[in-house]
Structures are given as structure tokens and as C-alpha cells.
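A.B. asks: Structure file model39.txt (compact mmCIF, C-alpha atoms) is given on the next line.
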```txt
# COMPACT_ATOMS: atom_id res chain seq x y z
CA MET A 255 -13.73 60.77 97.10
CA ASN A 256 -10.15 61.80 97.80
CA PHE A 257 -7.72 59.20 96.53
CA MET A 258 -4.30 58.30 97.82
CA GLU A 259 -1.39 60.38 96.55
CA GLU A 260 -0.09 58.62 93.44
CA CYS A 261 3.70 58.42 93.48
CA PHE A 262 6.50 56.88 91.42
CA ARG A 263 9.98 55.92 92.53
CA TRP A 264 12.82 57.74 90.83
CA TYR A 265 16.48 56.94 91.43
CA GLY A 266 17.79 60.32 90.37
CA PRO A 267 19.54 61.70 87.28
CA GLU A 268 21.11 58.32 86.45
CA ASP A 269 17.72 56.55 86.39
CA PRO A 270 16.83 55.30 82.89
CA VAL A 271 13.28 56.46 83.68
CA SER A 272 13.15 60.25 83.41
CA LEU A 273 11.03 62.70 85.37
CA ARG A 274 9.17 63.43 82.13
CA ASP A 275 8.32 59.72 82.01
CA VAL A 276 7.08 59.94 85.59
CA ARG A 277 4.77 62.82 84.61
CA HIS A 278 3.38 60.65 81.82
CA THR A 279 2.31 57.96 84.29
CA GLY A 280 -0.15 60.36 85.91
CA ALA A 281 1.74 60.35 89.20
CA THR A 282 2.06 63.66 91.01
CA GLY A 283 4.54 62.60 93.67
CA VAL A 284 8.10 61.31 93.47
CA VAL A 285 9.75 58.86 95.86
CA SER A 286 13.50 59.43 95.79
CA ALA A 287 16.72 59.61 97.78
CA LEU A 288 20.30 60.77 97.40
CA HIS A 289 21.56 57.39 96.26
CA HIS A 290 25.02 58.79 95.57
CA ILE A 291 25.42 59.44 99.32
CA TYR A 292 24.74 56.01 100.77
CA ASP A 293 27.59 55.59 103.24
CA GLY A 294 25.76 56.89 106.31
CA SER A 295 27.21 60.41 106.09
CA VAL A 296 25.09 63.57 106.30
CA TRP A 297 23.08 64.58 103.25
CA PRO A 298 24.05 68.24 102.67
CA THR A 299 21.25 70.78 102.34
CA GLU A 300 22.63 71.86 98.96
CA GLU A 301 22.31 68.31 97.57
CA ILE A 302 18.79 67.93 98.97
CA GLU A 303 17.73 71.26 97.47
CA LYS A 304 19.29 70.32 94.14
CA ARG A 305 17.27 67.09 94.02
CA ASN A 306 14.12 68.86 95.17
CA ALA A 307 14.52 71.52 92.49
CA MET A 308 14.89 68.87 89.76
CA ILE A 309 11.63 67.26 90.85
CA GLN A 310 9.72 70.54 91.23
CA ASN A 311 10.95 71.84 87.87
CA ALA A 312 9.43 68.74 86.28
CA GLY A 313 6.05 69.67 87.74
CA LEU A 314 6.18 67.04 90.47
CA ARG A 315 6.50 66.92 94.26
CA TRP A 316 9.13 65.04 96.28
CA SER A 317 6.60 63.25 98.48
CA VAL A 318 8.65 60.54 100.21
CA VAL A 319 12.33 60.06 100.97
CA GLU A 320 13.16 56.41 100.32
CA SER A 321 15.54 55.84 101.94
CA ILE A 322 18.07 57.33 104.31
CA PRO A 323 20.29 54.25 104.75
CA VAL A 324 20.68 52.91 108.28
CA HIS A 325 24.39 52.24 108.72
CA ASN A 326 25.48 48.73 109.59
CA SER A 327 26.97 49.88 112.90
CA ILE A 328 23.47 50.89 114.04
CA LYS A 329 22.07 47.46 113.21
CA LEU A 330 24.99 45.74 114.92
CA GLY A 331 24.98 48.09 117.91
CA THR A 332 28.71 48.86 117.76
CA LYS A 333 30.42 51.84 119.38
CA ALA A 334 30.40 53.68 116.05
CA ARG A 335 26.59 53.78 115.97
CA ASP A 336 26.33 56.99 117.98
CA THR A 337 28.28 58.85 115.30
CA TYR A 338 26.09 57.49 112.52
CA ILE A 339 22.88 58.12 114.44
CA GLY A 340 24.04 61.70 114.93
CA TRP A 341 24.60 62.04 111.18
CA TYR A 342 21.20 60.44 110.54
CA LYS A 343 19.57 63.10 112.71
CA ASP A 344 21.44 65.84 110.85
CA THR A 345 20.11 64.45 107.55
CA MET A 346 16.58 64.42 109.02
CA ARG A 347 16.98 68.09 109.99
CA ASN A 348 18.22 69.02 106.52
CA LEU A 349 15.33 67.20 104.86
CA ALA A 350 12.80 68.89 107.13
CA GLN A 351 14.36 72.27 106.34
CA SER A 352 13.71 71.53 102.66
CA GLY A 353 10.05 70.70 103.28
CA LEU A 354 10.23 66.89 103.26
CA GLU A 355 7.94 65.14 105.73
CA VAL A 356 7.89 61.36 105.10
CA ILE A 357 10.99 59.17 105.44
CA CYS A 358 10.94 55.46 104.61
CA TYR A 359 13.80 53.27 105.85
CA ASN A 360 14.55 49.61 106.48
CA PHE A 361 16.41 47.60 109.09
CA MET A 362 17.37 44.52 107.05
CA PRO A 363 20.84 43.21 107.93
CA VAL A 364 23.38 42.74 105.10
CA VAL A 365 20.87 42.30 102.24
CA ASP A 366 18.03 44.50 101.05
CA TRP A 367 15.23 43.05 98.90
CA THR A 368 16.37 39.71 97.53
CA ARG A 369 15.49 37.76 94.37
CA THR A 370 17.19 34.83 92.68
CA GLU A 371 15.83 35.64 89.23
CA LEU A 372 15.34 39.07 87.67
CA THR A 373 13.78 37.98 84.36
CA HIS A 374 11.40 35.15 85.16
CA PRO A 375 9.32 34.52 81.99
CA LEU A 376 5.54 34.84 82.29
CA GLU A 377 2.91 33.27 80.05
CA ASN A 378 2.25 36.56 78.26
CA GLY A 379 5.90 36.99 77.27
CA ALA A 380 6.70 39.56 79.95
CA PHE A 381 9.25 39.05 82.72
CA ALA A 382 8.96 39.23 86.52
CA LEU A 383 11.22 39.16 89.55
CA ARG A 384 11.21 35.77 91.29
CA PHE A 385 12.56 34.24 94.48
CA ASP A 386 13.20 30.53 94.02
CA ALA A 387 13.57 29.03 97.51
CA VAL A 388 15.35 25.91 96.22
CA ASP A 389 17.83 27.87 94.11
CA PHE A 390 18.48 30.08 97.11
CA ALA A 391 19.14 27.11 99.42
CA ALA A 392 21.36 25.48 96.80
CA TYR A 393 23.43 28.64 96.56
CA ASP A 394 23.63 29.17 100.32
CA LEU A 395 24.57 25.57 101.11
CA PHE A 396 26.74 24.48 98.21
CA VAL A 397 28.13 27.60 96.52
CA LEU A 398 28.46 30.18 99.27
CA LYS A 399 29.05 27.35 101.79
CA ARG A 400 28.08 29.58 104.67
CA ARG A 401 29.25 28.26 108.02
CA ASN A 402 26.48 26.29 109.80
CA ALA A 403 24.11 26.89 106.90
CA GLU A 404 22.63 23.40 107.43
CA ALA A 405 20.97 24.65 110.62
CA SER A 406 18.73 26.91 108.52
CA TYR A 407 17.12 24.06 106.56
CA ALA A 408 15.27 20.83 107.21
CA PRO A 409 17.04 17.62 106.13
CA THR A 410 14.57 17.10 103.27
CA GLY A 411 15.16 20.68 102.13
CA ILE A 412 18.91 20.11 102.10
CA ALA A 413 18.50 17.02 99.95
CA ILE A 414 16.27 18.86 97.48
CA ALA A 415 18.73 21.77 97.36
CA GLU A 416 21.66 19.43 96.72
CA ALA A 417 19.80 17.82 93.82
CA ARG A 418 19.09 21.28 92.39
CA PHE A 419 22.74 22.32 92.85
CA ASN A 420 23.91 19.24 90.95
CA ALA A 421 21.65 20.24 88.05
CA LEU A 422 22.78 23.88 87.89
CA THR A 423 25.11 24.96 85.10
CA PRO A 424 28.06 27.24 85.91
CA GLU A 425 26.25 30.00 84.00
CA LYS A 426 23.11 29.60 86.13
CA ILE A 427 25.15 29.62 89.34
CA GLU A 428 26.92 32.80 88.25
CA ARG A 429 23.59 34.46 87.46
CA ILE A 430 22.03 33.48 90.79
CA GLU A 431 25.08 34.76 92.66
CA ARG A 432 25.06 38.04 90.75
CA ASN A 433 21.37 38.55 91.52
CA LEU A 434 21.77 37.71 95.20
CA ILE A 435 24.90 39.55 96.26
CA ALA A 436 26.24 41.83 93.53
CA GLY A 437 23.85 44.66 94.38
CA LEU A 438 20.47 45.88 93.15
CA PRO A 439 19.25 49.47 92.77
CA ALA A 440 19.55 51.53 95.96
CA THR A 441 21.42 48.88 97.91
CA GLU A 442 23.92 50.29 100.35
CA ARG A 443 26.67 47.76 99.77
CA GLN A 444 27.92 45.51 96.97
CA TYR A 445 29.79 42.27 97.50
CA ASN A 446 31.80 39.48 96.03
CA ARG A 447 31.55 36.03 97.60
CA GLU A 448 34.34 36.60 100.12
CA SER A 449 33.18 40.01 101.29
CA PHE A 450 29.59 38.79 101.49
CA LEU A 451 30.56 35.93 103.80
CA GLN A 452 32.46 38.39 105.96
CA ALA A 453 29.40 40.66 106.16
CA VAL A 454 27.16 37.75 107.19
CA GLU A 455 29.69 36.59 109.77
CA GLU A 456 29.58 40.04 111.40
CA TYR A 457 26.13 38.99 112.62
CA ASP A 458 27.29 35.75 114.25
CA GLY A 459 25.77 35.76 117.70
CA VAL A 460 23.33 38.61 116.90
CA SER A 461 19.92 37.22 117.80
CA HIS A 462 16.44 38.34 116.85
CA GLU A 463 16.23 40.01 120.27
CA ASP A 464 19.57 41.75 119.81
CA LEU A 465 18.54 43.20 116.47
CA HIS A 466 15.23 44.40 117.87
CA SER A 467 17.05 45.97 120.80
CA ASN A 468 19.34 47.82 118.37
CA LEU A 469 16.30 49.03 116.41
CA ALA A 470 14.60 50.17 119.63
CA HIS A 471 17.75 52.14 120.55
CA PHE A 472 17.72 53.76 117.12
CA LEU A 473 14.02 54.64 117.40
CA ASN A 474 14.45 56.15 120.86
CA GLU A 475 17.11 58.39 119.38
CA ILE A 476 15.44 59.49 116.14
CA ILE A 477 11.70 59.57 116.85
CA PRO A 478 11.87 62.51 119.30
CA VAL A 479 13.77 64.42 116.61
CA ALA A 480 11.19 63.43 113.99
CA LYS A 481 8.37 64.59 116.28
CA GLU A 482 10.09 67.91 116.85
CA LEU A 483 10.61 68.43 113.11
CA GLY A 484 7.14 67.25 112.03
CA LEU A 485 8.56 64.22 110.20
CA ARG A 486 6.84 60.86 109.81
CA MET A 487 9.24 57.91 109.88
CA CYS A 488 7.98 54.67 108.34
CA ILE A 489 9.91 51.41 108.49
CA HIS A 490 9.75 49.09 105.48
CA PRO A 491 9.14 45.39 106.11
CA ASP A 492 11.71 42.72 105.35
CA ASP A 493 11.67 41.49 101.76
CA PRO A 494 11.08 38.61 101.79
CA SER A 495 9.60 38.50 105.27
CA PHE A 496 11.59 35.54 106.51
CA SER A 497 15.18 34.80 107.46
CA LEU A 498 17.88 34.59 104.79
CA TYR A 499 21.44 33.33 105.36
CA GLY A 500 20.52 32.62 108.99
CA LEU A 501 20.23 36.38 109.62
CA PRO A 502 17.57 37.72 111.99
CA ARG A 503 14.55 39.47 110.47
CA ILE A 504 12.47 41.68 112.75
CA VAL A 505 9.99 43.46 110.45
CA SER A 506 8.18 40.45 109.02
CA THR A 507 4.92 39.84 110.91
CA ALA A 508 2.07 41.63 112.66
CA ASP A 509 3.72 40.87 116.00
CA ASP A 510 6.92 42.51 114.74
CA ALA A 511 5.00 45.61 113.69
CA ARG A 512 3.23 45.83 117.07
CA ARG A 513 6.55 45.60 118.87
CA ILE A 514 8.20 48.26 116.71
CA LEU A 515 5.31 50.71 117.04
CA GLY A 516 5.22 50.06 120.76
CA ALA A 517 8.97 50.65 121.18
CA VAL A 518 8.28 54.36 120.80
CA ASP A 519 4.52 54.81 120.89
CA ASP A 520 4.30 58.02 118.91
CA HIS A 521 2.63 59.01 115.64
CA ALA A 522 6.04 59.85 114.17
CA ASN A 523 7.01 56.17 114.47
CA GLY A 524 5.10 54.49 111.67
CA LEU A 525 5.04 51.86 108.93
CA THR A 526 5.56 51.62 105.23
CA PHE A 527 2.83 49.12 104.40
CA CYS A 528 4.36 46.99 101.63
CA THR A 529 1.83 44.36 100.58
CA GLY A 530 4.43 42.55 98.48
CA SER A 531 6.88 42.12 101.35
CA PHE A 532 4.34 41.20 104.02
CA GLY A 533 2.55 39.11 101.38
CA THR A 534 5.44 36.67 101.02
CA ARG A 535 4.14 35.02 104.22
CA GLU A 536 0.85 33.14 104.10
CA ASP A 537 0.29 33.76 107.82
CA ASN A 538 0.21 37.55 107.29
CA ASP A 539 -3.42 38.67 106.95
CA LEU A 540 -2.85 41.87 105.01
CA VAL A 541 -6.35 43.28 105.41
CA ALA A 542 -6.33 42.67 109.16
CA MET A 543 -2.85 44.22 109.41
CA ALA A 544 -3.85 47.26 107.34
CA THR A 545 -6.90 47.71 109.56
CA GLU A 546 -4.97 47.40 112.82
CA PHE A 547 -2.03 49.59 111.85
CA ALA A 548 -3.91 52.09 109.65
CA PRO A 549 -3.36 55.10 111.98
CA ARG A 550 0.41 54.58 111.79
CA ILE A 551 0.69 53.80 108.06
CA HIS A 552 2.48 56.79 106.55
CA PHE A 553 3.33 55.30 103.14
CA ALA A 554 2.20 52.31 101.08
CA HIS A 555 3.84 50.09 98.49
CA LEU A 556 1.04 48.21 96.76
CA ARG A 557 2.10 45.19 94.74
CA ASN A 558 1.34 41.50 94.74
CA VAL A 559 3.23 38.23 94.79
CA GLN A 560 2.16 34.74 93.82
CA ARG A 561 3.30 32.41 96.57
CA GLU A 562 4.29 28.77 95.98
CA GLN A 563 4.19 25.85 98.38
CA ASP A 564 7.96 25.59 98.83
CA GLY A 565 8.41 29.24 99.86
CA SER A 566 9.15 30.50 96.36
CA PHE A 567 7.22 33.42 94.88
CA HIS A 568 7.19 35.75 91.91
CA GLU A 569 5.91 39.27 91.40
CA ALA A 570 2.35 39.00 90.08
CA ASP A 571 0.16 41.62 88.43
CA HIS A 572 -0.63 44.33 90.95
CA LEU A 573 -4.26 43.25 91.40
CA ALA A 574 -3.63 39.51 90.99
CA GLY A 575 -1.55 37.07 93.02
CA SER A 576 -1.98 35.73 96.54
CA SER A 577 -3.22 38.90 98.30
CA ASP A 578 -6.40 40.96 98.08
CA ILE A 579 -4.98 44.36 97.17
CA VAL A 580 -8.40 45.89 96.52
CA ALA A 581 -9.47 45.07 100.09
CA VAL A 582 -6.29 46.72 101.38
CA LEU A 583 -7.11 49.79 99.28
CA TYR A 584 -10.60 49.93 100.85
CA THR A 585 -8.98 49.94 104.27
CA LEU A 586 -6.45 52.66 103.47
CA LEU A 587 -9.05 54.88 101.82
CA ASP A 588 -11.28 54.50 104.89
CA GLU A 589 -8.33 55.54 107.04
CA GLN A 590 -7.90 58.66 104.92
CA LYS A 591 -11.56 59.55 105.52
CA ARG A 592 -11.03 59.17 109.26
CA ARG A 593 -8.01 61.47 109.14
CA GLN A 594 -9.90 64.06 107.11
CA ALA A 595 -12.72 63.99 109.63
CA GLU A 596 -10.16 64.82 112.32
CA GLY A 597 -9.03 67.80 110.24
CA ARG A 598 -5.51 66.45 109.83
CA ALA A 599 -3.19 68.08 107.31
CA ASP A 600 -1.43 64.75 106.73
CA TRP A 601 -4.60 62.85 105.82
CA GLN A 602 -3.41 61.67 102.40
CA ILE A 603 -1.30 58.50 102.24
CA PRO A 604 1.32 58.42 99.47
CA VAL A 605 1.27 55.17 97.50
CA ARG A 606 3.48 53.84 94.76
CA PRO A 607 3.37 50.78 92.52
CA ASP A 608 6.34 48.54 93.10
CA HIS A 609 8.34 45.92 91.19
CA GLY A 610 6.53 46.11 87.88
CA HIS A 611 6.91 43.50 85.16
CA LEU A 612 9.31 44.04 82.27
CA LEU A 613 6.88 44.70 79.42
CA ALA A 614 6.61 45.76 75.78
CA ASP A 615 9.33 48.14 74.53
CA ASP A 616 11.14 48.04 77.88
CA ILE A 617 12.19 44.45 77.13
CA ASP A 618 14.49 45.61 74.34
CA LYS A 619 15.99 48.63 76.09
CA ASP A 620 19.72 48.60 76.78
CA GLU A 621 19.24 49.55 80.42
CA THR A 622 16.43 49.07 82.90
CA TYR A 623 16.60 48.68 86.66
CA PRO A 624 15.25 45.29 87.77
CA GLY A 625 11.67 45.74 88.95
CA TYR A 626 11.79 49.46 88.13
CA SER A 627 11.23 49.65 84.39
CA LEU A 628 8.70 52.24 83.27
CA ILE A 629 5.85 50.41 81.56
CA GLY A 630 5.28 47.69 84.14
CA ARG A 631 4.98 50.22 86.96
CA LEU A 632 2.85 52.52 84.80
CA ARG A 633 0.48 49.58 84.31
CA GLY A 634 0.51 48.87 88.04
CA LEU A 635 -0.29 52.49 88.89
CA ALA A 636 -3.10 52.55 86.32
CA GLU A 637 -4.58 49.39 87.87
CA LEU A 638 -4.40 50.87 91.37
CA ARG A 639 -5.96 54.12 90.13
CA GLY A 640 -8.74 52.17 88.44
CA ALA A 641 -9.37 50.20 91.61
CA MET A 642 -9.65 53.43 93.61
CA HIS A 643 -12.18 54.78 91.10
CA GLY A 644 -14.09 51.50 91.29
CA ILE A 645 -14.21 51.69 95.08
CA ALA A 646 -15.46 55.28 94.89
CA SER A 647 -18.15 54.30 92.38
CA ALA A 648 -19.29 51.38 94.52
CA GLN A 649 -19.52 53.60 97.59
CA ARG A 650 -21.57 56.19 95.69
CA MET A 651 -23.98 53.47 94.59
CA GLN A 652 -24.34 52.28 98.18
CA ILE A 653 -25.20 55.82 99.30
CA LYS A 654 -27.85 56.16 96.58
CA GLU A 655 -29.45 52.86 97.57
CA ARG A 656 -29.89 53.87 101.21
```
What would the structure in this file look like if it were written as C-alpha cells?
C.D. replies:
Amino acid sequence: MNFMEECFRWYGPEDPVSLRDVRHTGATGVVSALHHIYDGSVWPTEEIEKRNAMIQNAGLRWSVVESIPVHNSIKLGTKARDTYIGWYKDTMRNLAQSGLEVICYNFMPVVDWTRTELTHPLENGAFALRFDAVDFAAYDLFVLKRRNAEASYAPTGIAIAEARFNALTPEKIERIERNLIAGLPATERQYNRESFLQAVEEYDGVSHEDLHSNLAHFLNEIIPVAKELGLRMCIHPDDPSFSLYGLPRIVSTADDARRILGAVDDHANGLTFCTGSFGTREDNDLVAMATEFAPRIHFAHLRNVQREQDGSFHEADHLAGSSDIVAVLYTLLDEQKRRQAEGRADWQIPVRPDHGHLLADDIDKDETYPGYSLIGRLRGLAELRGAMHGIASAQRMQIKER
């Protein structure tokens, strides 16, 4: 049985996790980007080749570019977007020239992945990322005091959030604010409270339909270029997959995915199937979605979240939590078989563990990136690898019994 390509995210030379560490995980592929050029300008060929050489010299392969940032003007649909789309295309051409084929990107306005707590204690003494829906509402309503924020919450939710706000210490408020707006690894922009409010207000009057229209414009521009270059573009879902700060979210559900893939119905226009992001919604049937969209899944993030009744969630063990990750793996491995049967060169789907727990010696290290410490992701990758071997063994047994 041919497994998925095991990959590990690496943030570059400044990452506390080294490429040697990545080799030790058993991964063969690296997921990386030029995070020092995150202003929408062109990634020079020399910088791409420099990064590629680092990865190859470590005995690894740069398998996925995650991400080329989509400039805010493209999401807002301003006059400046044509310039930034042009630069985006130039970066695509430079990446293709260097042998890169898979590009992950997202279309989340203002904020990337969002958590209120970066060191949520677990029963075993480890720490996880967590999104507390009540803490978030308390911050949005009573600290940030976003204009018309009340429209985003039910009256009972506002009352609960106000009670939580009244119980928060200044230290807890400062920590929540830092986690929400000060910037996490690979985020394009960093904010203070004033600049964050200004960024949110830029989207006043931008509806769900407007944002989708701006994405469709972007796709109509870049997908023909991707097709010409042999690139596979794969959009990452919103994280979490519901509205924050009253901002529109357009990559959150199966209907969203259908609409995006249909905007430019071409193989080059695909998905990053992130089970953790889609899994924050109970109404997302991950196995059904993986089955439906399998031909257009070019990259997978496999992780799990444990959902709570009030909309909160925390990052669970990779094979635990609210979603059936093993069933998703079955589906993706079956899709690989189908691609192989067609004789496709791009049959193998790169996969990486995501948002690992802070475990063991990593807890005491001076520097780790939230969700991207070494040992927690190593454990996640080992669990996914073990699941793939288990699936292969079960399938062999079924063949013998026939």
C-alpha cells in the first residue's frame, strides 16, 4: 500500500524546530514558505532557491508552499488588487521554475487561525491550543468594544459574556488580547487594539457575497496561470469555520467548498482538507466531505478538535476528539489508489500533522511556536502513520478472506 506523503511544517531558519529535527520525525517532505516576505511582494527566485537548497541539503523535499499570502487589497477588492495579483502570479512562476507544485493559501479576512488560549492544561499535564467562545465574546464586546458587536451575539450570549468579563483579571484580559490580535506564527499582520479595530472596520459593508466575489475574481486570474505552470492551488478552510468579529467567512462548509471549486472548475483549483478547521463545526460531515471533494484535495492537514456545546473547542489528540480521522484517512488513501489507477504522476497527497500538544521536554524550552512544538507534532505524525499501517493491514486481511 502506498501511503500519503508524510510532511512537517517548518517556518524557516528562525524556527526553533530544525530541519534535523524534522528528519527525526520520519517525515520526508517539508511544508514551508518565505515568511520574511509576507507583504504581498514577489518572492525572488534567489530566495526560493536558497530555501529549497536548505531543505534538500537536509535530505528532505519542499513538498508544499504554505502559504503565499493573499494581500488584503485582493480580499477587499480595491483598485490595488491588480498589482498584488500580478505579483502573486510572478511568485507562482518563480516557484514553478524551482520545481514546486503545490501551493496552499487562505482567504480569511484580518485574522488567520484564532485561539484565545495557547497553553490550555490537559489531564496528562500537557498543554493544548483552545478557543473559548465566551472569553472571545467577552473580549469582542467589552474590551475591544467593536462597533455593533452586539449584532453578532444572542442576548443570552451577551449576558454570559458580560458575566465572564466581570470575572476576568487584567492579566487574563491582556493574555487573551495578546493571543487574539498580537500575531501568531506566519500571520501576515500584527496589531494593537487600535490598529486591529481599524482593520476590522475596513470590512464594514463587505458581505459574504462580496468576499466570495473577490475570491472568484482572484481564482479567475490565478488558476489559468497555475494550470499553465502545472501548479495545484489548494485553499485552506477558515479556522475556526465560523464568523469572528462580524467578518464574513467563505471557506467554512461543504457548500462553500462546492462554490469555490465551481468558480473555476479546473483540477488546478483545489482544497487543503484541514480536518481541524472544518471539524470546528458539528454540521460538517468530514467523511462525506472528503469523499465528495477527494479528486480536488491536493493537501491535507489531519488533526482533531474536541468541540463543546457553547462553540468552544480545544485541540485534541490527533486520533481522538470529535471527528473520525481514521475514516478520513481511509477515504484519502482510496483516492490515492484511484489516481494511481489513472496513471497520474500527482497521485500522492501530502499530509502533515497540525497543532500538536506541548509535551515533555518542549514544555520547558525557552522558545516554541504555539501549536508547532516538535514533540506534539511528532506524536501526531506517528499516530497518523500507525493508522495508515493499520488500514493497510486490515485491507490485506480482507483480501485474504475473500
A.B. asks: Can you work out the spacing between atom CA of A:Ala413 and atom CA of A:Val397 in Å, to one decimal?
C.D. replies: 14.7 Å
A.B. asks: Taking only C-alpha atoms into account, which of A:Asp564, A:Glu596, A:Glu621, A:Asp366 comes nearest A:Arg503?
C.D. replies: A:Asp366
A.B. asks: Just give me the gap between atom CA of A:Glu300 and atom CA of A:Arg277 in Å, one decimal is fine.
C.D. replies: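 Those two atoms sit 24.6 Å apart.
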A.B. asks: Between atom CA of A:Lys304 and atom CA of A:Asp600, what distance in Å does the model show, to one decimal?
C.D. replies: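 Computed distance, atom CA of A:Lys304 to atom CA of A:Asp600, equals 24.9 Å.
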A.B. asks: Can you list, as a VMD selection string, every protein, DNA or RNA residue that comes within 10 Å of stretch 336-339 of chain A when you count all atoms listed in the file, leaving out same-chain residues fewer than 4 positions away?
C.D. replies: chain A and resid 293 to 296 324 to 328 331 to 332 343 to 345 471 to 473 475 to 476
A.B. asks: Hey, what's within 8 Å of A:Ser406 if we count all atoms listed in the file and toss same-chain stuff fewer than 4 positions away? As a ChimeraX atom specification, please?
C.D. replies: /A:402,499-500
A.B. asks: Given the point (5.1, 50.9, 119.9) in the coordinates of this file, which residues lie within 12 Å, counting all atoms listed in the file, and how would they look as a ChimeraX atom specification?
C.D. replies: /A:469-470,473-474,477,509-525,547,550
A.B. asks: List the spatial neighbours of stretch 418-420 of chain A as a PyMOL selection string - criterion: any atom at most 9 Å away, all atoms listed in the file, same-chain residues fewer than 4 positions off excluded.
C.D. replies: chain A and resi 388-389+391-393+396-397+413-414+427
A.B. asks: Could the residues in this selection be written to a file with C-alpha atoms, as a CSV table (one decimal), in the coordinates of the input?
C.D. replies:
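Final file, selection-v5.csv:
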```csv
chain,number,residue,atom,x,y,z
A,388,VAL,CA,15.4,25.9,96.2
A,389,ASP,CA,17.8,27.9,94.1
A,391,ALA,CA,19.1,27.1,99.4
A,392,ALA,CA,21.4,25.5,96.8
A,393,TYR,CA,23.4,28.6,96.6
A,396,PHE,CA,26.7,24.5,98.2
A,397,VAL,CA,28.1,27.6,96.5
A,413,ALA,CA,18.5,17.0,100.0
A,414,ILE,CA,16.3,18.9,97.5
A,427,ILE,CA,25.2,29.6,89.3
```
A.B. asks: Here's a test: counting all atoms listed in the file, identify every protein, DNA and RNA residue with an atom at most 9 Å from (10.1, 33.3, 105.6) in the file's coordinate frame, and state them as a list of chain:residue names.
C.D. replies: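 Checking each residue against the 9 Å limit leaves A:Pro494, A:Ser495, A:Phe496, A:Ser497, A:Leu498, A:Ser506, A:Thr534, A:Arg535, A:Gly565.
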A.B. asks: Using only C-alpha atoms, which of the listed residues (A:Ala405, A:Ala382, A:Val559, A:Leu586) sits closest to A:Val541?
C.D. replies: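 Result for the nearest residue to A:Val541: A:Leu586.
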A.B. asks: Could you add the missing atoms to stretch 312-333 of chain A, up to N, CA and C atoms, and return them as a PDB file, in the coordinates of the input?
C.D. replies:
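Listed below is the output, rebuild.pdb:
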```
ATOM      1  N   ALA A 312      10.132  69.679  87.175  1.00  0.00           N
ATOM      2  CA  ALA A 312       9.430  68.740  86.280  1.00  0.00           C
ATOM      3  C   ALA A 312       7.924  68.733  86.541  1.00  0.00           C
ATOM      4  N   GLY A 313       7.465  69.602  87.448  1.00  0.00           N
ATOM      5  CA  GLY A 313       6.050  69.670  87.740  1.00  0.00           C
ATOM      6  C   GLY A 313       5.568  68.619  88.714  1.00  0.00           C
ATOM      7  N   LEU A 314       6.483  68.100  89.527  1.00  0.00           N
ATOM      8  CA  LEU A 314       6.180  67.040  90.470  1.00  0.00           C
ATOM      9  C   LEU A 314       6.560  67.462  91.886  1.00  0.00           C
ATOM     10  N   ARG A 315       6.205  66.634  92.862  1.00  0.00           N
ATOM     11  CA  ARG A 315       6.500  66.920  94.260  1.00  0.00           C
ATOM     12  C   ARG A 315       7.308  65.765  94.842  1.00  0.00           C
ATOM     13  N   TRP A 316       8.370  66.089  95.577  1.00  0.00           N
ATOM     14  CA  TRP A 316       9.130  65.040  96.280  1.00  0.00           C
ATOM     15  C   TRP A 316       8.320  64.687  97.522  1.00  0.00           C
ATOM     16  N   SER A 317       7.574  63.593  97.445  1.00  0.00           N
ATOM     17  CA  SER A 317       6.600  63.250  98.480  1.00  0.00           C
ATOM     18  C   SER A 317       7.192  62.389  99.591  1.00  0.00           C
ATOM     19  N   VAL A 318       8.093  61.475  99.233  1.00  0.00           N
ATOM     20  CA  VAL A 318       8.650  60.540 100.210  1.00  0.00           C
ATOM     21  C   VAL A 318      10.142  60.379  99.965  1.00  0.00           C
ATOM     22  N   VAL A 319      10.910  60.383 101.034  1.00  0.00           N
ATOM     23  CA  VAL A 319      12.330  60.060 100.970  1.00  0.00           C
ATOM     24  C   VAL A 319      12.471  58.553 101.193  1.00  0.00           C
ATOM     25  N   GLU A 320      12.942  57.852 100.192  1.00  0.00           N
ATOM     26  CA  GLU A 320      13.160  56.410 100.320  1.00  0.00           C
ATOM     27  C   GLU A 320      14.498  56.064  99.677  1.00  0.00           C
ATOM     28  N   SER A 321      15.491  55.840 100.494  1.00  0.00           N
ATOM     29  CA  SER A 321      15.540  55.840 101.940  1.00  0.00           C
ATOM     30  C   SER A 321      16.790  56.579 102.397  1.00  0.00           C
ATOM     31  N   ILE A 322      16.798  57.007 103.673  1.00  0.00           N
ATOM     32  CA  ILE A 322      18.070  57.330 104.310  1.00  0.00           C
ATOM     33  C   ILE A 322      18.627  55.994 104.801  1.00  0.00           C
ATOM     34  N   PRO A 323      19.787  55.557 104.322  1.00  0.00           N
ATOM     35  CA  PRO A 323      20.290  54.250 104.750  1.00  0.00           C
ATOM     36  C   PRO A 323      20.646  54.225 106.230  1.00  0.00           C
ATOM     37  N   VAL A 324      20.312  53.120 106.877  1.00  0.00           N
ATOM     38  CA  VAL A 324      20.680  52.910 108.280  1.00  0.00           C
ATOM     39  C   VAL A 324      22.017  52.172 108.289  1.00  0.00           C
ATOM     40  N   HIS A 325      23.042  52.818 108.774  1.00  0.00           N
ATOM     41  CA  HIS A 325      24.390  52.240 108.720  1.00  0.00           C
ATOM     42  C   HIS A 325      24.465  50.931 109.481  1.00  0.00           C
ATOM     43  N   ASN A 326      25.343  50.062 108.999  1.00  0.00           N
ATOM     44  CA  ASN A 326      25.480  48.730 109.590  1.00  0.00           C
ATOM     45  C   ASN A 326      25.839  48.777 111.067  1.00  0.00           C
ATOM     46  N   SER A 327      26.591  49.775 111.492  1.00  0.00           N
ATOM     47  CA  SER A 327      26.970  49.880 112.900  1.00  0.00           C
ATOM     48  C   SER A 327      25.744  50.058 113.793  1.00  0.00           C
ATOM     49  N   ILE A 328      24.702  50.697 113.275  1.00  0.00           N
ATOM     50  CA  ILE A 328      23.470  50.890 114.040  1.00  0.00           C
ATOM     51  C   ILE A 328      22.750  49.553 114.196  1.00  0.00           C
ATOM     52  N   LYS A 329      22.728  48.767 113.142  1.00  0.00           N
ATOM     53  CA  LYS A 329      22.070  47.460 113.210  1.00  0.00           C
ATOM     54  C   LYS A 329      22.847  46.503 114.115  1.00  0.00           C
ATOM     55  N   LEU A 330      24.172  46.614 114.085  1.00  0.00           N
ATOM     56  CA  LEU A 330      24.990  45.740 114.920  1.00  0.00           C
ATOM     57  C   LEU A 330      25.128  46.251 116.359  1.00  0.00           C
ATOM     58  N   GLY A 331      24.851  47.523 116.574  1.00  0.00           N
ATOM     59  CA  GLY A 331      24.980  48.090 117.910  1.00  0.00           C
ATOM     60  C   GLY A 331      26.417  48.287 118.344  1.00  0.00           C
ATOM     61  N   THR A 332      27.310  48.638 117.414  1.00  0.00           N
ATOM     62  CA  THR A 332      28.710  48.860 117.760  1.00  0.00           C
ATOM     63  C   THR A 332      28.912  50.266 118.317  1.00  0.00           C
ATOM     64  N   LYS A 333      30.113  50.526 118.799  1.00  0.00           N
ATOM     65  CA  LYS A 333      30.420  51.840 119.380  1.00  0.00           C
ATOM     66  C   LYS A 333      30.255  52.957 118.357  1.00  0.00           C
TER      67      LYS A 333
END
```
